[in-house]
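> Let me begin by handing over the structure; questions about it come next.
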Amino acid sequence: MRFILDAIFLGLYLILGIPVLWVLNQMGKSEKWKYKTDLIALRMVQKAFKVMLFIAGTKQVVIGEENVPKDQPVLYIPNHRSYFDILLLYSRVPGLTGFVSKDSMQKFYLLRDWMKKLHCLFLNRENPREGLKTILQGIENIKNGISMCIFPEGTRSKKGNEMLEFHHGSFKCALKTKAPIVPVVFVNSFKVLDEKGCKPVNVQIHYLKPIYAEEYAGMKTSELAELVKGRIEEVLKEYRA
């Protein structure tokens, strides 16, 4: 029932939001209004996501949110276990933030249009050249003051709080922009949604201390990936124990 209610709410939001999104897109064509309309879109989606989390019965314990820099764009690197990871993180970001999503999301009309307004990017995993273009666009977003969130596992892990291997290319966004990396750890988010639907769950969200450019200077993407993964793994090990 919770899943059905969430689906109904999302559908109504997308349909009723058509004229709002149109107005925001039209106003956003002006440089004077672009930032303001992007921010309005972000706050609207954040409120919608909070409603969806409430419907799902998801309670959040947030640890270390003060670690997120508020005065500059960052690169969020979370572990990935549930579709709700996106709702959990995006409902809390302080400023404009785009997600890197799989290319197949573009077939969902209206949802895709809101994602584009929010600076989300679509990654084609089958085409390396197109994948590189997506990463380069992510780099441009960060240079323009827009934070990015990338799930370097590439897909959801199906092993509880276990992690998959990280794809190294994700970290080019940091190396090319010298943006702070904020590792984010979701604990138990995989319990929110399963084949039976949504269940009330307590989820922990850990914002770890940022990894600044001085710390990863001179590293290769593979080395930086292992550094970030190791810090996320340290938190997950405590809960697996």
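Just so we're on the same page: first chain in the structure tokens is A, next is B, and so on; residues restart at 1 for each chain, and ligands are numbered from 1 in the order they show up.
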Show which residues sit within 7 Å of Thr221 of chain A, as a list in words. Count only C-alpha atoms, and ignore same-chain residues fewer than 4 positions away.

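The neighbour list is His168, Gly169, Phe171, Lys172 and Ala225 of chain A.
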
> Keeping only all heavy atoms, take the residues you just selected and write them out as a PDB file, in the first residue's frame.


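Contents of out.pdb, freshly written:
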ATOM      1  N   HIS A 168      36.183   3.759 -11.697  1.00  0.00           N
ATOM      2  CA  HIS A 168      37.153   4.830 -11.451  1.00  0.00           C
ATOM      3  C   HIS A 168      36.825   6.124 -12.185  1.00  0.00           C
ATOM      4  O   HIS A 168      37.160   7.217 -11.720  1.00  0.00           O
ATOM      5  CB  HIS A 168      38.555   4.369 -11.854  1.00  0.00           C
ATOM      6  CG  HIS A 168      38.987   3.118 -11.162  1.00  0.00           C
ATOM      7  ND1 HIS A 168      40.003   2.321 -11.630  1.00  0.00           N
ATOM      8  CD2 HIS A 168      38.526   2.511 -10.034  1.00  0.00           C
ATOM      9  CE1 HIS A 168      40.164   1.285 -10.825  1.00  0.00           C
ATOM     10  NE2 HIS A 168      39.273   1.377  -9.851  1.00  0.00           N
ATOM     11  N   GLY A 169      36.174   6.016 -13.358  1.00  0.00           N
ATOM     12  CA  GLY A 169      35.939   7.204 -14.174  1.00  0.00           C
ATOM     13  C   GLY A 169      35.145   8.283 -13.458  1.00  0.00           C
ATOM     14  O   GLY A 169      35.271   9.472 -13.790  1.00  0.00           O
ATOM     15  N   PHE A 171      35.600   9.566 -10.732  1.00  0.00           N
ATOM     16  CA  PHE A 171      36.436  10.471  -9.942  1.00  0.00           C
ATOM     17  C   PHE A 171      37.190  11.491 -10.786  1.00  0.00           C
ATOM     18  O   PHE A 171      37.900  12.336 -10.243  1.00  0.00           O
ATOM     19  CB  PHE A 171      37.390   9.649  -9.073  1.00  0.00           C
ATOM     20  CG  PHE A 171      36.656   8.847  -8.029  1.00  0.00           C
ATOM     21  CD1 PHE A 171      36.192   7.577  -8.312  1.00  0.00           C
ATOM     22  CD2 PHE A 171      36.370   9.390  -6.791  1.00  0.00           C
ATOM     23  CE1 PHE A 171      35.484   6.845  -7.365  1.00  0.00           C
ATOM     24  CE2 PHE A 171      35.658   8.675  -5.841  1.00  0.00           C
ATOM     25  CZ  PHE A 171      35.212   7.386  -6.135  1.00  0.00           C
ATOM     26  N   LYS A 172      37.022  11.422 -12.098  1.00  0.00           N
ATOM     27  CA  LYS A 172      37.597  12.465 -12.944  1.00  0.00           C
ATOM     28  C   LYS A 172      36.971  13.817 -12.626  1.00  0.00           C
ATOM     29  O   LYS A 172      37.612  14.856 -12.780  1.00  0.00           O
ATOM     30  CB  LYS A 172      37.379  12.119 -14.417  1.00  0.00           C
ATOM     31  CG  LYS A 172      38.215  10.943 -14.910  1.00  0.00           C
ATOM     32  CD  LYS A 172      37.953  10.658 -16.379  1.00  0.00           C
ATOM     33  CE  LYS A 172      38.777   9.463 -16.846  1.00  0.00           C
ATOM     34  NZ  LYS A 172      38.510   9.131 -18.279  1.00  0.00           N
ATOM     35  N   ALA A 225      39.546   6.327  -5.989  1.00  0.00           N
ATOM     36  CA  ALA A 225      38.371   5.470  -5.806  1.00  0.00           C
ATOM     37  C   ALA A 225      38.555   4.558  -4.597  1.00  0.00           C
ATOM     38  O   ALA A 225      37.643   4.380  -3.789  1.00  0.00           O
ATOM     39  CB  ALA A 225      38.128   4.639  -7.066  1.00  0.00           C
TER      40      ALA A 225
END

> Excluding Thr177 of chain A and any residue of its chain fewer than 6 positions from it, enumerate the residues within 10 Å of it, using only C-alpha atoms, and give them as a PyMOL selection string.

chain A and resi 73-75+138-143+213

> Point out the residue among A:Leu123, A:Val201, A:Ala217, A:Leu164 with the least atom-to-atom distance to Asn79 of chain A, counting only C-alpha atoms.

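Looking at the shortest contact to Asn79 of chain A, the residue is A:Leu164.
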
> Please determine, counting only C-alpha atoms, which residue among A:Lys176, A:Lys199, A:Lys32, A:Lys107 has the shortest atom-to-atom distance to Leu53 of chain A.

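Looking only at the distances to Leu53 of chain A, the closest residue turns out to be A:Lys199.
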
> Interatomic distance between atom CA of Glu165 of chain A and atom CA of Lys196 of chain A?

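Rounded to one decimal, the two atoms are 27.7 Å apart.
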
> Using only C-alpha atoms for the distances, tell me which of A:Phe3, A:Tyr13, A:Tyr35, A:Tyr76 is nearest to Lys47 of chain A.

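Distance minimum relative to Lys47 of chain A lands on A:Tyr13.
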
> Identify which of the residues A:Ile211, A:Met163, A:Ile205, A:Cys120 lies closest to Gln60 of chain A, counting only C-alpha atoms when measuring atom-to-atom distances.

A:Ile205
